>>> print(open('work.cif').read())   # mmCIF, C-alpha atoms and all ligand atoms
data_input
loop_
_atom_site.label_atom_id
_atom_site.label_comp_id
_atom_site.auth_asym_id
_atom_site.auth_seq_id
_atom_site.Cartn_x
_atom_site.Cartn_y
_atom_site.Cartn_z
CA MET A 266 -26.50 -22.57 12.74
CA ILE A 267 -24.33 -21.34 15.64
CA ARG A 268 -23.07 -17.78 15.10
CA PRO A 269 -19.86 -16.65 16.84
CA LEU A 270 -20.35 -13.91 19.47
CA HIS A 271 -17.58 -11.84 17.89
CA PRO A 272 -17.55 -12.27 14.10
CA PRO A 273 -14.05 -11.95 12.59
CA LYS A 274 -12.95 -8.54 11.37
CA THR A 275 -12.93 -8.05 7.62
CA ALA A 276 -10.46 -6.29 5.33
CA VAL A 277 -9.92 -5.60 1.64
CA ILE A 278 -6.43 -5.02 0.22
CA VAL A 279 -6.21 -3.65 -3.31
CA GLY A 280 -2.76 -4.46 -4.69
CA ALA A 281 -2.19 -7.63 -2.67
CA SER A 282 -0.39 -9.93 -5.13
CA THR A 283 3.22 -8.99 -4.22
CA GLY A 284 5.43 -6.82 -2.02
CA ILE A 285 3.92 -4.70 0.74
CA GLY A 286 0.33 -5.74 -0.10
CA ALA A 287 1.07 -9.48 0.15
CA ALA A 288 3.03 -8.91 3.40
CA LEU A 289 0.08 -6.91 4.80
CA ALA A 290 -2.27 -9.77 3.85
CA ARG A 291 -0.12 -12.22 5.86
CA LYS A 292 0.00 -9.78 8.80
CA LEU A 293 -3.78 -9.21 8.85
CA ALA A 294 -4.42 -12.95 8.49
CA ALA A 295 -2.30 -13.51 11.60
CA GLN A 296 -4.53 -10.94 13.37
CA GLY A 297 -7.59 -13.03 12.44
CA TYR A 298 -9.03 -10.87 9.63
CA GLN A 299 -11.19 -12.33 6.88
CA LEU A 300 -9.58 -11.01 3.69
CA ALA A 301 -10.50 -10.04 0.15
CA LEU A 302 -7.31 -9.68 -1.90
CA VAL A 303 -7.44 -7.72 -5.16
CA ALA A 304 -4.91 -7.37 -8.02
CA ARG A 305 -4.44 -8.20 -11.72
CA ARG A 306 -2.13 -11.24 -11.52
CA ALA A 307 -4.49 -14.09 -10.63
CA ASP A 308 -1.71 -16.70 -10.20
CA LEU A 309 0.17 -14.63 -7.60
CA LEU A 310 -3.06 -13.73 -5.77
CA HIS A 311 -4.04 -17.41 -5.60
CA ASP A 312 -0.59 -18.26 -4.18
CA VAL A 313 -0.96 -15.63 -1.40
CA CYS A 314 -4.48 -16.88 -0.58
CA ALA A 315 -3.39 -20.55 -0.60
CA GLU A 316 -0.49 -19.79 1.76
CA ILE A 317 -2.84 -17.97 4.19
CA ASN A 318 -5.63 -20.54 3.96
CA GLN A 319 -3.37 -23.52 4.64
CA HIS A 320 -2.75 -22.11 8.14
CA ALA A 321 -6.48 -21.45 8.77
CA ASN A 322 -9.22 -23.92 9.65
CA GLN A 323 -11.60 -22.25 7.15
CA THR A 324 -11.17 -20.03 4.10
CA GLN A 325 -9.63 -16.79 5.36
CA ALA A 326 -8.45 -15.12 2.14
CA ARG A 327 -10.29 -14.88 -1.18
CA PRO A 328 -8.76 -13.65 -4.48
CA TYR A 329 -10.46 -11.12 -6.79
CA THR A 330 -8.80 -10.42 -10.13
CA HIS A 331 -9.21 -6.76 -11.09
CA ASP A 332 -7.40 -3.90 -12.83
CA VAL A 333 -7.82 -0.63 -10.90
CA LEU A 334 -8.05 1.15 -14.27
CA ASP A 335 -11.44 -0.56 -14.75
CA PHE A 336 -13.09 2.38 -12.97
CA ALA A 337 -16.59 1.45 -14.16
CA GLY A 338 -16.31 -2.09 -12.76
CA THR A 339 -15.21 -1.00 -9.27
CA PRO A 340 -18.59 -0.39 -7.55
CA ALA A 341 -19.96 -3.80 -8.59
CA LEU A 342 -16.80 -5.56 -7.39
CA LEU A 343 -16.97 -3.69 -4.07
CA GLN A 344 -20.57 -4.84 -3.68
CA GLN A 345 -19.61 -8.45 -4.46
CA ILE A 346 -16.69 -8.38 -2.01
CA THR A 347 -18.72 -6.88 0.85
CA ALA A 348 -21.47 -9.45 0.23
CA ASP A 349 -18.87 -12.25 0.38
CA LEU A 350 -17.19 -10.83 3.52
CA GLY A 351 -20.49 -9.89 5.20
CA SER A 352 -19.07 -6.55 6.47
CA LEU A 353 -16.20 -4.13 5.87
CA ASP A 354 -13.99 -3.02 8.76
CA LEU A 355 -10.78 -2.07 6.97
CA PHE A 356 -10.03 -1.05 3.39
CA ILE A 357 -6.43 -0.65 2.19
CA TYR A 358 -5.58 0.94 -1.17
CA ASN A 359 -2.03 -0.24 -1.80
CA ALA A 360 -1.95 -0.64 -5.61
CA GLY A 361 0.87 1.37 -7.09
CA ALA A 362 3.02 1.79 -10.16
CA MET A 363 6.43 3.41 -10.55
CA PHE A 364 8.30 3.35 -13.86
CA PRO A 365 12.09 3.71 -13.99
CA SER A 366 12.89 7.40 -14.15
CA HIS A 367 15.78 9.82 -14.22
CA ALA A 368 16.28 13.51 -14.69
CA GLU A 369 16.68 13.38 -18.49
CA LYS A 370 13.64 11.19 -19.21
CA TYR A 371 10.36 12.72 -20.47
CA ASN A 372 7.49 10.22 -20.93
CA ALA A 373 3.95 11.55 -20.63
CA ASP A 374 2.34 8.11 -21.15
CA GLU A 375 4.17 6.68 -18.12
CA ASP A 376 3.44 9.77 -15.99
CA ILE A 377 -0.28 9.52 -16.84
CA ALA A 378 -0.29 5.75 -16.16
CA MET A 379 1.19 6.35 -12.68
CA LEU A 380 -1.36 9.08 -11.97
CA GLN A 381 -4.15 6.71 -12.98
CA VAL A 382 -3.03 3.70 -10.90
CA ASN A 383 -1.76 5.62 -7.86
CA ALA A 384 -4.42 8.35 -7.64
CA ALA A 385 -7.42 7.87 -9.99
CA GLY A 386 -7.72 4.16 -9.10
CA ALA A 387 -7.69 5.13 -5.41
CA MET A 388 -10.53 7.61 -5.99
CA ALA A 389 -12.57 5.01 -7.89
CA TRP A 390 -12.35 2.65 -4.89
CA LEU A 391 -12.26 5.01 -1.92
CA SER A 392 -15.23 7.14 -2.88
CA PRO A 393 -17.78 4.26 -2.72
CA VAL A 394 -15.93 2.73 0.27
CA ALA A 395 -16.19 6.03 2.21
CA ASP A 396 -19.87 6.35 1.30
CA ARG A 397 -20.53 2.85 2.62
CA MET A 398 -18.54 3.39 5.84
CA VAL A 399 -20.20 6.75 6.54
CA ARG A 400 -23.61 5.10 6.25
CA ALA A 401 -22.43 2.32 8.61
CA LYS A 402 -20.83 4.99 10.89
CA ARG A 403 -17.70 2.85 11.27
CA GLY A 404 -14.64 1.65 9.43
CA GLN A 405 -11.06 2.52 8.52
CA ILE A 406 -9.60 3.53 5.18
CA VAL A 407 -5.86 3.25 4.59
CA GLY A 408 -3.98 4.64 1.60
CA ILE A 409 -0.38 3.66 0.89
CA GLY A 410 1.27 6.87 -0.28
CA SER A 411 5.00 7.56 -0.16
CA ILE A 412 7.61 9.90 1.24
CA ALA A 413 8.15 10.56 -2.49
CA GLY A 414 4.86 12.50 -2.54
CA ASP A 415 6.11 15.14 -0.11
CA ARG A 416 8.24 17.02 -2.68
CA GLY A 417 8.66 17.24 -6.43
CA ARG A 418 12.08 15.89 -7.42
CA ARG A 419 13.92 16.21 -10.70
CA GLY A 420 14.17 12.40 -10.97
CA ALA A 421 10.48 11.45 -10.72
CA PRO A 422 7.96 14.28 -11.20
CA GLY A 423 5.20 11.92 -12.40
CA TYR A 424 5.49 9.48 -9.47
CA ASN A 425 5.88 12.37 -6.98
CA ALA A 426 2.75 14.09 -8.34
CA SER A 427 0.70 10.89 -8.26
CA LYS A 428 1.49 10.28 -4.58
CA ALA A 429 0.95 13.96 -3.67
CA ALA A 430 -2.50 13.70 -5.30
CA LEU A 431 -3.25 10.59 -3.24
CA HIS A 432 -2.11 12.29 0.00
CA THR A 433 -4.31 15.34 -0.65
CA TYR A 434 -7.29 13.18 -1.60
CA LEU A 435 -6.91 11.16 1.62
CA GLU A 436 -6.69 14.38 3.69
CA GLY A 437 -9.90 15.69 2.13
CA LEU A 438 -11.62 12.36 2.68
CA ARG A 439 -10.48 12.37 6.33
CA ASN A 440 -11.91 15.85 6.83
CA ARG A 441 -15.18 14.69 5.27
CA VAL A 442 -15.71 11.36 7.07
CA SER A 443 -14.05 11.57 10.50
CA ARG A 444 -17.14 13.13 12.09
CA PHE A 445 -19.04 9.95 11.14
CA GLY A 446 -16.71 7.61 13.04
CA VAL A 447 -14.59 6.65 10.01
CA THR A 448 -10.77 6.81 10.26
CA VAL A 449 -8.55 7.65 7.28
CA THR A 450 -4.88 6.68 7.63
CA THR A 451 -2.21 7.90 5.20
CA ILE A 452 0.89 5.70 5.14
CA LYS A 453 4.11 7.21 3.79
CA PRO A 454 6.80 4.54 3.44
CA GLY A 455 10.43 5.23 2.66
CA GLN A 456 12.13 2.58 0.53
CA VAL A 457 10.98 -1.03 0.86
CA GLU A 458 12.60 -4.12 -0.73
CA THR A 459 9.97 -5.08 -3.32
CA ASP A 460 9.78 -5.46 -7.12
CA MET A 461 9.05 -1.74 -7.34
CA LEU A 462 12.39 -0.80 -5.81
CA LYS A 463 14.15 -2.18 -8.92
CA ASN A 464 12.87 0.95 -10.70
CA ALA A 465 14.31 3.40 -8.15
CA GLU A 466 17.10 5.68 -9.34
CA GLN A 467 18.83 5.60 -5.93
CA VAL A 468 18.42 3.08 -3.10
CA ARG A 469 18.79 4.35 0.47
CA GLY A 470 18.46 1.95 3.43
CA PRO A 471 15.38 -0.04 2.41
CA ILE A 472 13.48 -2.17 4.94
CA SER A 473 11.89 -5.55 4.17
CA ALA A 474 8.23 -5.82 3.12
CA THR A 475 7.56 -7.85 6.28
CA ARG A 476 9.00 -5.08 8.50
CA ALA A 477 6.96 -2.49 6.56
CA ALA A 478 3.79 -4.55 7.09
CA ASP A 479 4.50 -4.79 10.84
CA LEU A 480 4.90 -1.00 11.09
CA ILE A 481 1.83 -0.33 8.91
CA TRP A 482 -0.26 -2.68 11.07
CA SER A 483 0.88 -0.79 14.16
CA ALA A 484 -0.25 2.52 12.55
CA ILE A 485 -3.59 0.97 11.54
CA HIS A 486 -4.13 -0.53 14.99
CA SER A 487 -3.51 2.82 16.73
CA ARG A 488 -5.74 4.57 14.14
CA LYS A 489 -3.02 7.05 13.16
CA GLN A 490 -3.91 9.81 10.68
CA ILE A 491 -0.50 9.92 9.00
CA ALA A 492 2.38 7.50 9.58
CA TYR A 493 5.87 7.50 8.10
CA ILE A 494 7.31 3.98 7.71
CA PRO A 495 9.75 3.76 9.46
CA GLY A 496 9.22 6.81 11.69
CA LYS A 497 12.61 8.39 10.91
CA TRP A 498 11.21 9.43 7.51
CA GLY A 499 8.85 11.80 9.33
CA ILE A 500 11.83 13.78 10.62
CA ILE A 501 13.56 13.66 7.24
CA SER A 502 10.37 14.86 5.55
CA LEU A 503 10.02 17.72 8.04
CA VAL A 504 13.49 18.91 7.06
CA LEU A 505 12.98 18.35 3.31
CA THR A 506 9.66 20.19 3.18
CA HIS A 507 11.25 23.22 4.84
CA ILE A 508 14.07 23.54 2.31
CA PRO A 509 13.23 26.49 0.02
CA SER A 510 12.62 25.58 -3.64
CA PHE A 511 15.61 27.50 -4.93
CA VAL A 512 17.88 25.44 -2.62
CA PHE A 513 16.06 22.10 -3.16
CA ARG A 514 16.53 22.54 -6.94
CA ARG A 515 20.31 22.45 -6.50
CA LEU A 516 20.33 19.28 -4.36
CA ASN A 517 20.49 15.86 -6.02
CA LEU A 518 17.79 14.31 -3.82
N1 LIG A 601 8.77 -0.28 -2.50
C1 LIG A 601 8.97 0.95 -2.08
O1 LIG A 601 10.13 1.38 -1.86
C2 LIG A 601 7.79 1.86 -1.81
C3 LIG A 601 8.04 3.05 -1.12
C4 LIG A 601 6.98 3.92 -0.86
C5 LIG A 601 5.69 3.57 -1.27
N2 LIG A 601 5.48 2.39 -1.94
C6 LIG A 601 4.11 2.10 -2.35
O2 LIG A 601 3.72 0.86 -1.78
C7 LIG A 601 2.70 0.26 -2.59
C8 LIG A 601 3.03 -1.19 -2.85
O3 LIG A 601 4.18 -1.25 -3.68
P1 LIG A 601 5.30 -2.39 -3.56
O4 LIG A 601 6.56 -1.72 -3.23
O5 LIG A 601 4.83 -3.49 -2.70
O6 LIG A 601 5.44 -2.83 -5.09
P2 LIG A 601 4.91 -4.08 -5.89
O7 LIG A 601 5.44 -5.34 -5.30
O8 LIG A 601 5.21 -3.78 -7.32
O9 LIG A 601 3.33 -4.09 -5.64
C9 LIG A 601 2.43 -3.30 -6.37
C10 LIG A 601 1.03 -3.87 -6.18
O10 LIG A 601 0.11 -3.03 -6.89
C11 LIG A 601 -0.68 -3.83 -7.75
N3 LIG A 601 -1.07 -3.10 -8.95
C12 LIG A 601 -0.28 -2.36 -9.76
N4 LIG A 601 -1.00 -1.90 -10.80
C13 LIG A 601 -2.27 -2.36 -10.64
C14 LIG A 601 -3.46 -2.26 -11.40
N5 LIG A 601 -3.51 -1.57 -12.56
N6 LIG A 601 -4.59 -2.87 -10.94
C15 LIG A 601 -4.56 -3.59 -9.79
N7 LIG A 601 -3.45 -3.72 -9.02
C16 LIG A 601 -2.32 -3.13 -9.46
C17 LIG A 601 0.22 -5.02 -8.10
O11 LIG A 601 -0.56 -6.13 -8.49
P3 LIG A 601 -0.71 -6.68 -10.00
O12 LIG A 601 0.50 -6.26 -10.77
O13 LIG A 601 -0.82 -8.15 -9.82
O14 LIG A 601 -1.97 -6.06 -10.50
C18 LIG A 601 0.91 -5.27 -6.77
O15 LIG A 601 0.10 -6.09 -5.96
C19 LIG A 601 2.61 1.13 -3.86
O16 LIG A 601 1.52 2.01 -3.76
C20 LIG A 601 3.92 1.90 -3.84
O17 LIG A 601 3.82 3.12 -4.55
C21 LIG A 601 6.50 1.53 -2.21
#
>>> encode(input="work.cif", output="structure tokens")
Amino acid sequence: MIRPLHPPKTAVIVGASTGIGAALARKLAAQGYQLALVARRADLLHDVCAEINQHANQTQARPYTHDVLDFAGTPALLQQITADLGSLDLFIYNAGAMFPSHAEKYNADEDIAMLQVNAAGAMAWLSPVADRMVRAKRGQIVGIGSIAGDRGRRGAPGYNASKAALHTYLEGLRNRVSRFGVTVTTIKPGQVETDMLKNAEQVRGPISATRAADLIWSAIHSRKQIAYIPGKWGIISLVLTHIPSFVFRRLNL
């Protein structure tokens, strides 16, 4: 058997059935990555894989049906995926949930569900991924957080807290693994036109999922530590995080 001199790069995207994750899958496919795409909705995952594979001369994207709340099943699935891919260069945790919210709504079940999908699910995947990459002394981990995780707002405390937890977890992981040649990139998008945006209380200048994927790829490629998508949100966040709490409380942001 003839082996290529440069085997294709490999990537896993968790939360790849729709929106930003599906757009990232198309972007990485165009860059030549071999892909493992993970999510719950098998039909949508198969559609994304079929679309990618019809443009390739061999199978480039494979679907894996999985619920990130199946914490116990995660290590075995990671092992299966890495065996199928043959290596692991890039791992993207993109799965996310956001329920409709507003300032008068109190729903602990929904807040806990968001914390589990957006933060606990990330820990269940990223802990064994980091362990594997540290042993290999190479690799890149990407977590899709949100500008919404930079402050606690009256409209969405549960979603805000879940993304803040993810950001802090990614920072700790970065401080743990960077000395072993592993990069951890935190992506903080502003609003993006996806199914999730239908649950937003206010919509402010969203960008398309394709544009978001282009900007995220650019941050991945340049091995950024933290990237706001688009970059203007970095300036907005700098201002917002410096507003004292007693003032922020009075603003309808
Ligand atoms: N849209 C925005 O304005 C915006 C802004 C900032 C950050 N983000 C973040 O960007 C990421 C992608 O969101 P999106 O906007 O593209 O929304 P989306 O279209 O609703 O995509 C969410 C993805 O997460 C997956 N997912 C959700 N729960 C899951 C579970 N329990 N197990 C496995 N996969 C699960 C979904 O797949 P299945 O349902 O098929 O499982 C889907 O692929 C999220 O982390 C979100 O918080 C979005």
>>> residues_near_ligand(input="work.cif", ligand="ligand LIG 601 (chain A)", cutoff="6 Å", atoms="only C-alpha atoms and all ligand atoms", output="PyMOL selection string")
chain A and resi 280-286+304-306+331-334+359-362+382+409-411+454-462
>>> closest_residue(input="work.cif", among="A:Gln381, A:Ser427, A:Thr450, A:Asn440", to="Asp335 of chain A", atoms="all atoms listed in the file")
A:Gln381
>>> residues_around(input="work.cif", residues="Asp349 of chain A", least_positions_apart="3", cutoff="12 Å", atoms="all atoms listed in the file", output="list in words")
Thr275, Ala276, Val277, Gln299, Leu300, Ala301, Thr324, Gln325, Ala326, Arg327, Pro328, Tyr329, Leu342, Leu343, Gln344, Gln345, Ile346, Ser352 and Leu353 of chain A
>>> write_last_selection(input="work.cif", atoms="C-alpha atoms", output="mmCIF file, in the coordinates of the input")
data_model
loop_
_atom_site.group_PDB
_atom_site.id
_atom_site.type_symbol
_atom_site.label_atom_id
_atom_site.label_comp_id
_atom_site.auth_asym_id
_atom_site.auth_seq_id
_atom_site.Cartn_x
_atom_site.Cartn_y
_atom_site.Cartn_z
ATOM 1 C CA THR A 275 -12.930 -8.050 7.620
ATOM 2 C CA ALA A 276 -10.460 -6.290 5.330
ATOM 3 C CA VAL A 277 -9.920 -5.600 1.640
ATOM 4 C CA GLN A 299 -11.190 -12.330 6.880
ATOM 5 C CA LEU A 300 -9.580 -11.010 3.690
ATOM 6 C CA ALA A 301 -10.500 -10.040 0.150
ATOM 7 C CA THR A 324 -11.170 -20.030 4.100
ATOM 8 C CA GLN A 325 -9.630 -16.790 5.360
ATOM 9 C CA ALA A 326 -8.450 -15.120 2.140
ATOM 10 C CA ARG A 327 -10.290 -14.880 -1.180
ATOM 11 C CA PRO A 328 -8.760 -13.650 -4.480
ATOM 12 C CA TYR A 329 -10.460 -11.120 -6.790
ATOM 13 C CA LEU A 342 -16.800 -5.560 -7.390
ATOM 14 C CA LEU A 343 -16.970 -3.690 -4.070
ATOM 15 C CA GLN A 344 -20.570 -4.840 -3.680
ATOM 16 C CA GLN A 345 -19.610 -8.450 -4.460
ATOM 17 C CA ILE A 346 -16.690 -8.380 -2.010
ATOM 18 C CA SER A 352 -19.070 -6.550 6.470
ATOM 19 C CA LEU A 353 -16.200 -4.130 5.870
#
>>> atom_distance(input="work.cif", atom1="atom CA of Phe336 of chain A", atom2="atom CA of Ala395 of chain A")
15.9 Å
>>> atom_distance(input="work.cif", atom1="atom CA of Ala385 of chain A", atom2="atom CA of Gly408 of chain A")
12.5 Å
>>> closest_residue(input="work.cif", among="A:Met388, A:Val399, A:Val449, A:Met363", to="Tyr424 of chain A", atoms="all atoms listed in the file")
A:Met363
>>> atom_distance(input="work.cif", atom1="atom CA of Phe511 of chain A", atom2="atom CA of Ala421 of chain A")
17.8 Å
>>> closest_residue(input="work.cif", among="A:Val442, A:Ile412, A:Ile485, A:Ala465", to="Ala429 of chain A", atoms="all atoms listed in the file")
A:Ile412
>>> closest_residue(input="work.cif", among="A:Leu310, A:Ile452, A:Ala288, A:Arg418", to="Ser473 of chain A", atoms="only C-alpha atoms")
A:Ala288
>>> closest_residue(input="work.cif", among="A:Gln319, A:Ser443, A:Asn425, A:Thr433", to="Ile377 of chain A", atoms="only C-alpha atoms")
A:Asn425
>>> decode(input="work.cif", residues="segment 451-479 of chain A", atoms="N, CA and C atoms", output="mmCIF file, in the first residue's frame")
data_model
loop_
_atom_site.group_PDB
_atom_site.id
_atom_site.type_symbol
_atom_site.label_atom_id
_atom_site.label_comp_id
_atom_site.auth_asym_id
_atom_site.auth_seq_id
_atom_site.Cartn_x
_atom_site.Cartn_y
_atom_site.Cartn_z
ATOM 1 N N THR A 451 -9.874 29.862 22.747
ATOM 2 C CA THR A 451 -11.235 30.195 23.180
ATOM 3 C C THR A 451 -11.843 31.147 22.158
ATOM 4 N N ILE A 452 -12.971 30.738 21.584
ATOM 5 C CA ILE A 452 -13.663 31.572 20.593
ATOM 6 C C ILE A 452 -14.871 32.214 21.273
ATOM 7 N N LYS A 453 -14.986 33.540 21.124
ATOM 8 C CA LYS A 453 -16.127 34.243 21.715
ATOM 9 C C LYS A 453 -16.895 34.978 20.607
ATOM 10 N N PRO A 454 -17.887 34.277 20.019
ATOM 11 C CA PRO A 454 -18.665 34.960 18.973
ATOM 12 C C PRO A 454 -19.666 35.949 19.569
ATOM 13 N N GLY A 455 -19.964 36.995 18.772
ATOM 14 C CA GLY A 455 -21.152 37.807 19.025
ATOM 15 C C GLY A 455 -22.319 37.046 18.413
ATOM 16 N N GLN A 456 -23.337 37.752 17.927
ATOM 17 C CA GLN A 456 -24.501 37.023 17.418
ATOM 18 C C GLN A 456 -24.271 36.495 16.001
ATOM 19 N N VAL A 457 -24.749 35.264 15.780
ATOM 20 C CA VAL A 457 -24.586 34.568 14.507
ATOM 21 C C VAL A 457 -25.963 34.034 14.080
ATOM 22 N N GLU A 458 -26.270 34.156 12.784
ATOM 23 C CA GLU A 458 -27.598 33.736 12.282
ATOM 24 C C GLU A 458 -27.691 32.214 12.240
ATOM 25 N N THR A 459 -28.165 31.623 13.321
ATOM 26 C CA THR A 459 -28.371 30.171 13.390
ATOM 27 C C THR A 459 -29.704 29.919 14.100
ATOM 28 N N ASP A 460 -30.060 28.642 14.236
ATOM 29 C CA ASP A 460 -31.307 28.290 14.954
ATOM 30 C C ASP A 460 -31.301 28.883 16.363
ATOM 31 N N MET A 461 -30.114 28.906 16.979
ATOM 32 C CA MET A 461 -30.025 29.371 18.365
ATOM 33 C C MET A 461 -30.459 30.840 18.505
ATOM 34 N N LEU A 462 -30.197 31.616 17.487
ATOM 35 C CA LEU A 462 -30.488 33.052 17.576
ATOM 36 C C LEU A 462 -31.985 33.326 17.740
ATOM 37 N N LYS A 463 -32.815 32.332 17.331
ATOM 38 C CA LYS A 463 -34.275 32.508 17.491
ATOM 39 C C LYS A 463 -34.645 32.652 18.965
ATOM 40 N N ASN A 464 -33.772 32.175 19.856
ATOM 41 C CA ASN A 464 -34.056 32.243 21.292
ATOM 42 C C ASN A 464 -33.481 33.494 21.956
ATOM 43 N N ALA A 465 -32.836 34.359 21.161
ATOM 44 C CA ALA A 465 -32.232 35.560 21.759
ATOM 45 C C ALA A 465 -33.309 36.598 22.062
ATOM 46 N N GLU A 466 -33.140 37.307 23.176
ATOM 47 C CA GLU A 466 -34.114 38.329 23.557
ATOM 48 C C GLU A 466 -33.985 39.551 22.634
ATOM 49 N N GLN A 467 -32.738 39.911 22.312
ATOM 50 C CA GLN A 467 -32.477 41.044 21.410
ATOM 51 C C GLN A 467 -31.495 40.578 20.333
ATOM 52 N N VAL A 468 -31.694 41.055 19.100
ATOM 53 C CA VAL A 468 -30.760 40.696 18.022
ATOM 54 C C VAL A 468 -30.030 41.958 17.580
ATOM 55 N N ARG A 469 -28.673 41.860 17.614
ATOM 56 C CA ARG A 469 -27.854 43.041 17.273
ATOM 57 C C ARG A 469 -26.799 42.660 16.235
ATOM 58 N N GLY A 470 -27.036 43.031 14.977
ATOM 59 C CA GLY A 470 -26.040 42.880 13.906
ATOM 60 C C GLY A 470 -25.417 41.511 13.789
ATOM 61 N N PRO A 471 -26.237 40.441 13.610
ATOM 62 C CA PRO A 471 -25.623 39.113 13.498
ATOM 63 C C PRO A 471 -24.857 38.932 12.192
ATOM 64 N N ILE A 472 -23.881 38.037 12.198
ATOM 65 C CA ILE A 472 -23.180 37.662 10.959
ATOM 66 C C ILE A 472 -23.649 36.256 10.568
ATOM 67 N N SER A 473 -23.376 35.857 9.335
ATOM 68 C CA SER A 473 -23.802 34.521 8.888
ATOM 69 C C SER A 473 -22.898 33.451 9.515
ATOM 70 N N ALA A 474 -23.403 32.212 9.534
ATOM 71 C CA ALA A 474 -22.603 31.097 10.077
ATOM 72 C C ALA A 474 -21.359 30.873 9.222
ATOM 73 N N THR A 475 -21.491 31.095 7.908
ATOM 74 C CA THR A 475 -20.337 30.913 7.012
ATOM 75 C C THR A 475 -19.246 31.934 7.328
ATOM 76 N N ARG A 476 -19.655 33.183 7.555
ATOM 77 C CA ARG A 476 -18.678 34.244 7.908
ATOM 78 C C ARG A 476 -18.027 33.905 9.262
ATOM 79 N N ALA A 477 -18.853 33.448 10.209
ATOM 80 C CA ALA A 477 -18.302 33.072 11.525
ATOM 81 C C ALA A 477 -17.269 31.959 11.363
ATOM 82 N N ALA A 478 -17.586 30.966 10.526
ATOM 83 C CA ALA A 478 -16.649 29.839 10.333
ATOM 84 C C ALA A 478 -15.347 30.324 9.698
ATOM 85 N N ASP A 479 -15.438 31.270 8.756
ATOM 86 C CA ASP A 479 -14.219 31.820 8.134
ATOM 87 C C ASP A 479 -13.337 32.481 9.195
#
